[in-house]
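Visitor: Provided herewith: final_19.cif, mmCIF, C-alpha atoms.
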data_query
loop_
_atom_site.group_PDB
_atom_site.id
_atom_site.type_symbol
_atom_site.label_atom_id
_atom_site.label_comp_id
_atom_site.auth_asym_id
_atom_site.auth_seq_id
_atom_site.Cartn_x
_atom_site.Cartn_y
_atom_site.Cartn_z
ATOM 1 C CA MET A 6 -10.169 23.745 22.926
ATOM 2 C CA SER A 7 -10.352 22.177 26.341
ATOM 3 C CA SER A 8 -9.347 24.326 29.277
ATOM 4 C CA THR A 9 -7.790 21.256 30.917
ATOM 5 C CA THR A 10 -5.111 21.006 28.242
ATOM 6 C CA SER A 11 -1.908 22.352 29.721
ATOM 7 C CA ASP A 12 0.134 22.216 26.508
ATOM 8 C CA SER A 13 -2.076 23.127 23.577
ATOM 9 C CA ARG A 14 0.815 22.554 21.142
ATOM 10 C CA SER A 15 0.633 18.800 21.740
ATOM 11 C CA THR A 16 -2.953 18.688 20.444
ATOM 12 C CA ARG A 17 -2.332 20.637 17.231
ATOM 13 C CA LEU A 18 -2.173 18.876 13.897
ATOM 14 C CA TYR A 19 0.675 21.076 12.736
ATOM 15 C CA THR A 20 4.144 21.800 14.106
ATOM 16 C CA ARG A 21 5.469 24.362 11.583
ATOM 17 C CA ARG A 22 8.771 22.427 11.620
ATOM 18 C CA GLY A 23 8.378 21.455 7.945
ATOM 19 C CA ASP A 24 7.595 24.899 6.605
ATOM 20 C CA ASN A 25 11.101 25.226 5.158
ATOM 21 C CA GLY A 26 11.009 21.988 3.121
ATOM 22 C CA ILE A 27 12.741 19.892 5.780
ATOM 23 C CA THR A 28 11.111 17.057 7.738
ATOM 24 C CA GLY A 29 12.136 14.558 10.372
ATOM 25 C CA LEU A 30 12.784 10.840 10.185
ATOM 26 C CA ALA A 31 11.993 8.428 13.021
ATOM 27 C CA ASP A 32 15.520 8.719 14.424
ATOM 28 C CA GLY A 33 15.275 12.519 14.564
ATOM 29 C CA THR A 34 17.410 13.128 11.483
ATOM 30 C CA ARG A 35 16.177 16.141 9.495
ATOM 31 C CA VAL A 36 16.080 15.630 5.721
ATOM 32 C CA SER A 37 14.716 17.373 2.647
ATOM 33 C CA LYS A 38 11.103 16.588 1.824
ATOM 34 C CA CYS A 39 12.373 15.274 -1.521
ATOM 35 C CA ASP A 40 14.755 12.791 0.142
ATOM 36 C CA ALA A 41 14.365 9.262 -1.281
ATOM 37 C CA ARG A 42 13.047 7.978 2.070
ATOM 38 C CA ILE A 43 10.398 10.691 2.240
ATOM 39 C CA GLU A 44 9.427 9.987 -1.386
ATOM 40 C CA ALA A 45 9.012 6.302 -0.493
ATOM 41 C CA CYS A 46 7.007 7.106 2.651
ATOM 42 C CA GLY A 47 4.771 9.466 0.699
ATOM 43 C CA THR A 48 4.109 6.892 -2.003
ATOM 44 C CA LEU A 49 3.310 4.237 0.601
ATOM 45 C CA ASP A 50 0.910 6.701 2.231
ATOM 46 C CA GLU A 51 -0.702 7.412 -1.138
ATOM 47 C CA LEU A 52 -1.095 3.687 -1.747
ATOM 48 C CA CYS A 53 -2.598 3.200 1.707
ATOM 49 C CA SER A 54 -5.143 5.951 1.011
ATOM 50 C CA HIS A 55 -6.133 4.511 -2.359
ATOM 51 C CA ILE A 56 -6.492 1.064 -0.807
ATOM 52 C CA GLY A 57 -8.786 2.621 1.804
ATOM 53 C CA LEU A 58 -10.899 4.069 -0.983
ATOM 54 C CA LEU A 59 -11.024 0.704 -2.740
ATOM 55 C CA ALA A 60 -11.906 -1.074 0.515
ATOM 56 C CA SER A 61 -14.846 1.280 1.040
ATOM 57 C CA LEU A 62 -16.429 -0.201 -2.094
ATOM 58 C CA LEU A 63 -15.961 -3.872 -1.180
ATOM 59 C CA PRO A 64 -17.696 -6.408 1.069
ATOM 60 C CA ASP A 65 -16.514 -6.771 4.665
ATOM 61 C CA SER A 66 -14.350 -9.852 4.023
ATOM 62 C CA GLN A 67 -12.307 -8.108 1.326
ATOM 63 C CA CYS A 68 -12.344 -4.873 3.311
ATOM 64 C CA LYS A 69 -10.700 -6.659 6.250
ATOM 65 C CA GLU A 70 -8.026 -8.117 3.936
ATOM 66 C CA LEU A 71 -7.242 -4.647 2.642
ATOM 67 C CA GLN A 72 -7.166 -3.130 6.137
ATOM 68 C CA GLU A 73 -4.520 -5.716 7.021
ATOM 69 C CA VAL A 74 -2.575 -4.594 3.959
ATOM 70 C CA GLN A 75 -2.904 -0.982 5.138
ATOM 71 C CA ARG A 76 -1.371 -1.927 8.516
ATOM 72 C CA ARG A 77 1.551 -3.522 6.664
ATOM 73 C CA LEU A 78 1.994 -0.396 4.538
ATOM 74 C CA PHE A 79 2.196 1.788 7.650
ATOM 75 C CA ALA A 80 4.887 -0.543 8.987
ATOM 76 C CA LEU A 81 6.797 -0.346 5.698
ATOM 77 C CA SER A 82 6.643 3.422 5.900
ATOM 78 C CA ALA A 83 7.899 3.343 9.479
ATOM 79 C CA LEU A 84 10.801 1.084 8.466
ATOM 80 C CA THR A 85 11.605 3.416 5.571
ATOM 81 C CA ALA A 86 11.616 6.371 7.979
ATOM 82 C CA GLY A 87 14.113 4.632 10.252
ATOM 83 C CA THR A 88 12.033 2.805 12.859
ATOM 84 C CA SER A 89 14.047 -0.305 13.725
ATOM 85 C CA ALA A 90 11.267 -2.852 14.315
ATOM 86 C CA PRO A 91 7.827 -1.484 13.461
ATOM 87 C CA ARG A 92 4.753 -3.456 14.451
ATOM 88 C CA TYR A 93 3.014 -5.257 11.530
ATOM 89 C CA LEU A 94 6.145 -5.312 9.372
ATOM 90 C CA PRO A 95 5.469 -7.843 6.613
ATOM 91 C CA GLY A 96 7.779 -10.777 6.139
ATOM 92 C CA ALA A 97 7.793 -14.185 4.485
ATOM 93 C CA THR A 98 4.589 -15.289 6.260
ATOM 94 C CA GLU A 99 2.600 -12.291 5.025
ATOM 95 C CA THR A 100 4.010 -12.687 1.519
ATOM 96 C CA ALA A 101 2.905 -16.328 1.546
ATOM 97 C CA GLN A 102 -0.557 -15.223 2.694
ATOM 98 C CA LEU A 103 -0.787 -12.884 -0.293
ATOM 99 C CA GLU A 104 0.294 -15.730 -2.564
ATOM 100 C CA THR A 105 -2.495 -17.910 -1.152
ATOM 101 C CA LEU A 106 -5.033 -15.154 -1.823
ATOM 102 C CA ILE A 107 -3.660 -14.683 -5.352
ATOM 103 C CA ASN A 108 -3.825 -18.418 -6.020
ATOM 104 C CA THR A 109 -7.397 -18.571 -4.764
ATOM 105 C CA MET A 110 -8.446 -15.719 -7.023
ATOM 106 C CA THR A 111 -6.584 -16.961 -10.101
ATOM 107 C CA GLU A 112 -6.780 -20.764 -9.934
ATOM 108 C CA GLU A 113 -10.229 -21.269 -8.460
ATOM 109 C CA GLU A 114 -11.811 -18.406 -10.377
ATOM 110 C CA GLY A 115 -9.935 -19.005 -13.642
ATOM 111 C CA ASN A 116 -8.315 -15.574 -13.652
ATOM 112 C CA GLY A 117 -4.732 -16.448 -14.561
ATOM 113 C CA PHE A 118 -2.555 -14.241 -16.725
ATOM 114 C CA GLY A 119 -4.050 -14.263 -20.210
ATOM 115 C CA GLY A 120 -2.077 -11.421 -21.712
ATOM 116 C CA PHE A 121 -1.780 -7.715 -21.054
ATOM 117 C CA ILE A 122 -5.075 -5.964 -20.447
ATOM 118 C CA LEU A 123 -6.303 -2.403 -20.433
ATOM 119 C CA PRO A 124 -6.918 -1.377 -16.812
ATOM 120 C CA GLY A 125 -10.566 -0.644 -16.201
ATOM 121 C CA GLY A 126 -13.878 -2.436 -16.083
ATOM 122 C CA CYS A 127 -16.074 -1.913 -13.060
ATOM 123 C CA GLU A 128 -15.216 0.912 -10.661
ATOM 124 C CA GLU A 129 -13.791 -1.431 -8.028
ATOM 125 C CA ALA A 130 -11.474 -3.143 -10.540
ATOM 126 C CA ALA A 131 -10.364 0.189 -11.990
ATOM 127 C CA ARG A 132 -9.460 1.371 -8.485
ATOM 128 C CA ALA A 133 -7.586 -1.888 -7.830
ATOM 129 C CA HIS A 134 -5.540 -1.167 -10.963
ATOM 130 C CA VAL A 135 -4.766 2.340 -9.681
ATOM 131 C CA CYS A 136 -3.621 0.770 -6.405
ATOM 132 C CA ARG A 137 -1.485 -1.720 -8.358
ATOM 133 C CA THR A 138 0.324 1.010 -10.275
ATOM 134 C CA ILE A 139 0.947 3.056 -7.123
ATOM 135 C CA CYS A 140 2.221 -0.113 -5.467
ATOM 136 C CA ARG A 141 4.755 -0.571 -8.266
ATOM 137 C CA ARG A 142 5.885 3.037 -7.811
ATOM 138 C CA ALA A 143 6.171 2.508 -4.050
ATOM 139 C CA GLU A 144 8.353 -0.521 -4.723
ATOM 140 C CA ARG A 145 10.642 1.525 -6.978
ATOM 141 C CA ARG A 146 10.841 4.294 -4.377
ATOM 142 C CA MET A 147 11.640 1.761 -1.642
ATOM 143 C CA VAL A 148 14.447 0.258 -3.728
ATOM 144 C CA ALA A 149 15.841 3.760 -4.328
ATOM 145 C CA THR A 150 16.303 4.270 -0.582
ATOM 146 C CA GLY A 151 18.821 1.424 -0.345
ATOM 147 C CA THR A 152 17.368 0.426 3.037
ATOM 148 C CA PHE A 153 15.748 -2.792 1.822
ATOM 149 C CA ASP A 154 18.861 -4.789 0.928
ATOM 150 C CA ASP A 155 19.032 -6.862 4.123
ATOM 151 C CA ASP A 156 16.414 -8.452 6.368
ATOM 152 C CA PRO A 157 13.920 -7.358 7.472
ATOM 153 C CA GLY A 158 13.902 -4.989 4.506
ATOM 154 C CA ALA A 159 14.403 -7.664 1.841
ATOM 155 C CA ALA A 160 11.437 -9.660 3.139
ATOM 156 C CA ALA A 161 9.359 -6.476 3.225
ATOM 157 C CA LEU A 162 10.356 -5.687 -0.350
ATOM 158 C CA ALA A 163 9.185 -9.138 -1.457
ATOM 159 C CA TYR A 164 5.841 -8.362 0.205
ATOM 160 C CA ILE A 165 5.334 -5.118 -1.702
ATOM 161 C CA ASN A 166 6.245 -6.886 -4.943
ATOM 162 C CA ARG A 167 3.658 -9.594 -4.251
ATOM 163 C CA LEU A 168 1.105 -6.975 -3.202
ATOM 164 C CA SER A 169 1.041 -5.554 -6.727
ATOM 165 C CA ASP A 170 0.335 -9.075 -8.024
ATOM 166 C CA TYR A 171 -2.473 -9.414 -5.474
ATOM 167 C CA LEU A 172 -3.998 -6.114 -6.612
ATOM 168 C CA TYR A 173 -3.854 -7.274 -10.238
ATOM 169 C CA ALA A 174 -5.574 -10.553 -9.343
ATOM 170 C CA LEU A 175 -8.136 -8.634 -7.293
ATOM 171 C CA ALA A 176 -8.934 -6.396 -10.272
ATOM 172 C CA LEU A 177 -9.462 -9.432 -12.499
ATOM 173 C CA ASN A 178 -11.597 -11.077 -9.827
ATOM 174 C CA LEU A 179 -13.744 -7.968 -9.362
ATOM 175 C CA ASN A 180 -14.345 -7.620 -13.082
ATOM 176 C CA LYS A 181 -15.311 -11.265 -13.315
ATOM 177 C CA PHE A 182 -17.699 -10.895 -10.373
ATOM 178 C CA HIS A 183 -19.312 -7.857 -12.008
ATOM 179 C CA LYS A 184 -19.378 -9.630 -15.389
ATOM 180 C CA GLU A 185 -17.095 -7.046 -16.985
ATOM 181 C CA LYS A 186 -15.046 -8.324 -19.896
ATOM 182 C CA GLU A 187 -11.309 -7.607 -19.843
ATOM 183 C CA ILE A 188 -9.888 -5.868 -22.923
ATOM 184 C CA ILE A 189 -6.842 -7.937 -23.850
ATOM 185 C CA LEU A 190 -4.150 -6.225 -25.907
#
Starting from the file, lay out its structure as structure tokens.
Guide:
Amino acid sequence: MSSTTSDSRSTRLYTRRGDNGITGLADGTRVSKCDARIEACGTLDELCSHIGLLASLLPDSQCKELQEVQRRLFALSALTAGTSAPRYLPGATETAQLETLINTMTEEEGNGFGGFILPGGCEEAARAHVCRTICRRAERRMVATGTFDDDPGAAALAYINRLSDYLYALALNLNKFHKEKEIIL
């Protein structure tokens, strides 16, 4: 540790404040670690981590798309935790951007919905499916908080709903690229 640091506590990764099962929201409110908002934040964090893993397997162009998604997920988590206007909060514009990406992958590549499929195929597609299912859970957790009923929350909720569609389209696209056949139920 640097001898120039006057307050070594500020450089530590731990605070010990959550050792009793209580954590803090952005506004300073202390809540149980199983509070609906903390559950939603944790699921968004899990999704962000899985998207990072998926991005590590993809070309730079797709990696950059997914890093933008990760920024939006951090903002959603911040909003869930009580930050009033987090930077990168997704709205109608970002949802429309996802729709454009979905349309490109499904219409131009011929990957529209052809029935329910078994998640899998190449590693990248399988990971996209894992991200999709976590995204759906994050959406359910966000709805459970009750903080997404009005704007900007409603617009953010539409984004997370569309994100799961994007991840589904991405999985189909990746399997097609890798010449993996989908198993249709």
Visitor: Assuming the chain letters and numbering stay as they are in my file, what does the PyMOL selection byres ((chain A and resi 186) around 12) actually select? List them as a list of chain:residue names.
Guide: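 Written out, the selection comes to A:Asn116, A:Ile122, A:Leu123, A:Pro124, A:Gly125, A:Gly126, A:Cys127, A:Ala130, A:Ala176, A:Leu177, A:Asn178, A:Leu179, A:Asn180, A:Lys181, A:Phe182, A:His183, A:Lys184, A:Glu185, A:Glu187, A:Ile188, A:Ile189.
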Visitor: Taking the file as shown, what set of residues would the PyMOL selection byres ((chain A and resi 134-144) around 9) give back, as an mmCIF file with C-alpha atoms, keeping the file's coordinate frame?
Guide:
data_model
loop_
_atom_site.group_PDB
_atom_site.id
_atom_site.type_symbol
_atom_site.label_atom_id
_atom_site.label_comp_id
_atom_site.auth_asym_id
_atom_site.auth_seq_id
_atom_site.Cartn_x
_atom_site.Cartn_y
_atom_site.Cartn_z
ATOM 1 C CA GLU A 44 9.427 9.987 -1.386
ATOM 2 C CA ALA A 45 9.012 6.302 -0.493
ATOM 3 C CA CYS A 46 7.007 7.106 2.651
ATOM 4 C CA GLY A 47 4.771 9.466 0.699
ATOM 5 C CA THR A 48 4.109 6.892 -2.003
ATOM 6 C CA LEU A 49 3.310 4.237 0.601
ATOM 7 C CA GLU A 51 -0.702 7.412 -1.138
ATOM 8 C CA LEU A 52 -1.095 3.687 -1.747
ATOM 9 C CA CYS A 53 -2.598 3.200 1.707
ATOM 10 C CA HIS A 55 -6.133 4.511 -2.359
ATOM 11 C CA ILE A 56 -6.492 1.064 -0.807
ATOM 12 C CA LEU A 59 -11.024 0.704 -2.740
ATOM 13 C CA PRO A 124 -6.918 -1.377 -16.812
ATOM 14 C CA GLY A 125 -10.566 -0.644 -16.201
ATOM 15 C CA GLU A 129 -13.791 -1.431 -8.028
ATOM 16 C CA ALA A 130 -11.474 -3.143 -10.540
ATOM 17 C CA ALA A 131 -10.364 0.189 -11.990
ATOM 18 C CA ARG A 132 -9.460 1.371 -8.485
ATOM 19 C CA ALA A 133 -7.586 -1.888 -7.830
ATOM 20 C CA ARG A 145 10.642 1.525 -6.978
ATOM 21 C CA ARG A 146 10.841 4.294 -4.377
ATOM 22 C CA MET A 147 11.640 1.761 -1.642
ATOM 23 C CA VAL A 148 14.447 0.258 -3.728
ATOM 24 C CA ALA A 149 15.841 3.760 -4.328
ATOM 25 C CA LEU A 162 10.356 -5.687 -0.350
ATOM 26 C CA ILE A 165 5.334 -5.118 -1.702
ATOM 27 C CA ASN A 166 6.245 -6.886 -4.943
ATOM 28 C CA LEU A 168 1.105 -6.975 -3.202
ATOM 29 C CA SER A 169 1.041 -5.554 -6.727
ATOM 30 C CA ASP A 170 0.335 -9.075 -8.024
ATOM 31 C CA TYR A 171 -2.473 -9.414 -5.474
ATOM 32 C CA LEU A 172 -3.998 -6.114 -6.612
ATOM 33 C CA TYR A 173 -3.854 -7.274 -10.238
ATOM 34 C CA LEU A 175 -8.136 -8.634 -7.293
ATOM 35 C CA ALA A 176 -8.934 -6.396 -10.272
#
Visitor: Between A:Gly158, A:Ser89, A:Leu94, A:Ala163, which has the minimum distance to A:Val74 (counting all atoms listed in the file)?
Guide: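 The shortest atom-to-atom distance to A:Val74 comes from A:Leu94.
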Visitor: Take atom CA of A:Ala159 and atom CA of A:Glu73 and report the distance between them in Å, one decimal.
Guide: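 Answer for the atom CA of A:Ala159 to atom CA of A:Glu73 separation: 19.7 Å.
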Visitor: A:Pro157: which residues within 10 Å, counting only C-alpha atoms, same-chain residues fewer than 2 positions away excluded, as a list in words?
Guide: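 Everything that qualifies: Leu84, Ser89, Ala90, Leu94, Pro95, Gly96, Ala97, Thr152, Phe153, Asp154, Asp155, Ala159, Ala160, Ala161 and Leu162 of chain A.
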Visitor: Kindly indicate which residue among A:Leu58, A:Cys68, A:Ala174, A:Leu30 lies nearest to A:Ala83, using all atoms listed in the file for the distances.
Guide: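 Smallest separation from A:Ala83 among the options: A:Leu30.
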Visitor: Quick one: pull the distance between atom CA of A:Gly151 and atom CA of A:Leu81, Å, one decimal.
Guide: 13.6 Å
Visitor: Pick from A:Ala60, A:Arg76, A:Ala86, A:Tyr93: nearest to A:Val36, with all atoms listed in the file counted?
Guide: A:Ala86
Visitor: Would you compute the distance between atom CA of A:Ala80 and atom CA of A:Asp50? Give it in Å to one decimal.
Guide: 10.7 Å
Visitor: Using only the atoms of stretch 89-104 of chain A listed in the file, plus 4 Å on each side, state the axis-aligned box centre and edge lengths in Å rounded to one decimal, as JSON.
Guide:
{"center_x": 6.6, "center_y": -8.3, "center_z": 5.9, "size_x": 22.8, "size_y": 24.0, "size_z": 25.0}
Visitor: What would stretch 135-160 of chain A look like with N, CA, C and O atoms restored, written as a short mmCIF file (atom, residue, chain, number, x, y, z; two decimals), in the coordinates of the input?
Guide:
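Ended up saving to selection01.cif:
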data_model
loop_
_atom_site.label_atom_id
_atom_site.label_comp_id
_atom_site.auth_asym_id
_atom_site.auth_seq_id
_atom_site.Cartn_x
_atom_site.Cartn_y
_atom_site.Cartn_z
N VAL A 135 -5.46 1.13 -10.14
CA VAL A 135 -4.77 2.34 -9.68
C VAL A 135 -3.88 1.98 -8.50
O VAL A 135 -2.70 2.37 -8.43
N CYS A 136 -4.42 1.21 -7.57
CA CYS A 136 -3.62 0.77 -6.40
C CYS A 136 -2.40 -0.03 -6.86
O CYS A 136 -1.30 0.16 -6.34
N ARG A 137 -2.59 -0.89 -7.85
CA ARG A 137 -1.48 -1.72 -8.36
C ARG A 137 -0.36 -0.85 -8.92
O ARG A 137 0.81 -1.08 -8.63
N THR A 138 -0.72 0.18 -9.67
CA THR A 138 0.32 1.01 -10.28
C THR A 138 1.04 1.86 -9.22
O THR A 138 2.25 2.06 -9.30
N ILE A 139 0.31 2.31 -8.22
CA ILE A 139 0.95 3.06 -7.12
C ILE A 139 1.84 2.12 -6.33
O ILE A 139 2.93 2.51 -5.89
N CYS A 140 1.41 0.88 -6.17
CA CYS A 140 2.22 -0.11 -5.47
C CYS A 140 3.56 -0.33 -6.18
O CYS A 140 4.61 -0.41 -5.54
N ARG A 141 3.52 -0.41 -7.49
CA ARG A 141 4.76 -0.57 -8.27
C ARG A 141 5.67 0.65 -8.08
O ARG A 141 6.89 0.51 -7.97
N ARG A 142 5.08 1.83 -8.05
CA ARG A 142 5.88 3.04 -7.81
C ARG A 142 6.47 3.01 -6.41
O ARG A 142 7.65 3.37 -6.21
N ALA A 143 5.67 2.60 -5.43
CA ALA A 143 6.17 2.51 -4.05
C ALA A 143 7.36 1.55 -3.98
O ALA A 143 8.36 1.84 -3.32
N GLU A 144 7.25 0.45 -4.69
CA GLU A 144 8.35 -0.52 -4.72
C GLU A 144 9.62 0.12 -5.29
O GLU A 144 10.71 -0.03 -4.73
N ARG A 145 9.47 0.85 -6.39
CA ARG A 145 10.64 1.52 -6.98
C ARG A 145 11.24 2.54 -6.01
O ARG A 145 12.47 2.65 -5.87
N ARG A 146 10.37 3.29 -5.34
CA ARG A 146 10.84 4.29 -4.38
C ARG A 146 11.55 3.61 -3.19
O ARG A 146 12.55 4.12 -2.69
N MET A 147 11.01 2.48 -2.75
CA MET A 147 11.64 1.76 -1.64
C MET A 147 13.02 1.27 -2.04
O MET A 147 13.98 1.38 -1.27
N VAL A 148 13.15 0.73 -3.24
CA VAL A 148 14.45 0.26 -3.73
C VAL A 148 15.43 1.42 -3.79
O VAL A 148 16.61 1.28 -3.42
N ALA A 149 14.97 2.59 -4.20
CA ALA A 149 15.84 3.76 -4.33
C ALA A 149 16.43 4.20 -2.99
O ALA A 149 17.48 4.84 -2.97
N THR A 150 15.78 3.86 -1.89
CA THR A 150 16.30 4.27 -0.58
C THR A 150 17.55 3.48 -0.19
O THR A 150 18.33 3.95 0.63
N GLY A 151 17.69 2.27 -0.72
CA GLY A 151 18.82 1.42 -0.34
C GLY A 151 18.69 0.81 1.03
O GLY A 151 19.62 0.18 1.52
N THR A 152 17.54 0.96 1.68
CA THR A 152 17.37 0.43 3.04
C THR A 152 16.70 -0.94 3.05
O THR A 152 16.42 -1.46 4.12
N PHE A 153 16.47 -1.53 1.89
CA PHE A 153 15.75 -2.79 1.82
C PHE A 153 16.62 -3.93 1.30
O PHE A 153 16.12 -4.93 0.81
N ASP A 154 17.94 -3.79 1.44
CA ASP A 154 18.86 -4.79 0.93
C ASP A 154 18.98 -5.99 1.85
O ASP A 154 19.20 -7.11 1.40
N ASP A 155 18.88 -5.78 3.14
CA ASP A 155 19.03 -6.86 4.12
C ASP A 155 17.71 -7.07 4.87
O ASP A 155 16.83 -6.22 4.85
N ASP A 156 17.61 -8.23 5.55
CA ASP A 156 16.41 -8.45 6.37
C ASP A 156 16.41 -7.46 7.51
O ASP A 156 17.47 -7.10 8.00
N PRO A 157 15.25 -6.96 7.93
CA PRO A 157 13.92 -7.36 7.47
C PRO A 157 13.47 -6.65 6.20
O PRO A 157 12.41 -6.96 5.66
N GLY A 158 14.29 -5.75 5.68
CA GLY A 158 13.90 -4.99 4.51
C GLY A 158 13.69 -5.83 3.26
O GLY A 158 12.75 -5.59 2.50
N ALA A 159 14.54 -6.83 3.04
CA ALA A 159 14.40 -7.66 1.84
C ALA A 159 13.09 -8.44 1.86
O ALA A 159 12.41 -8.55 0.84
N ALA A 160 12.71 -8.94 3.02
CA ALA A 160 11.44 -9.66 3.14
C ALA A 160 10.27 -8.70 2.93
O ALA A 160 9.26 -9.06 2.32
#
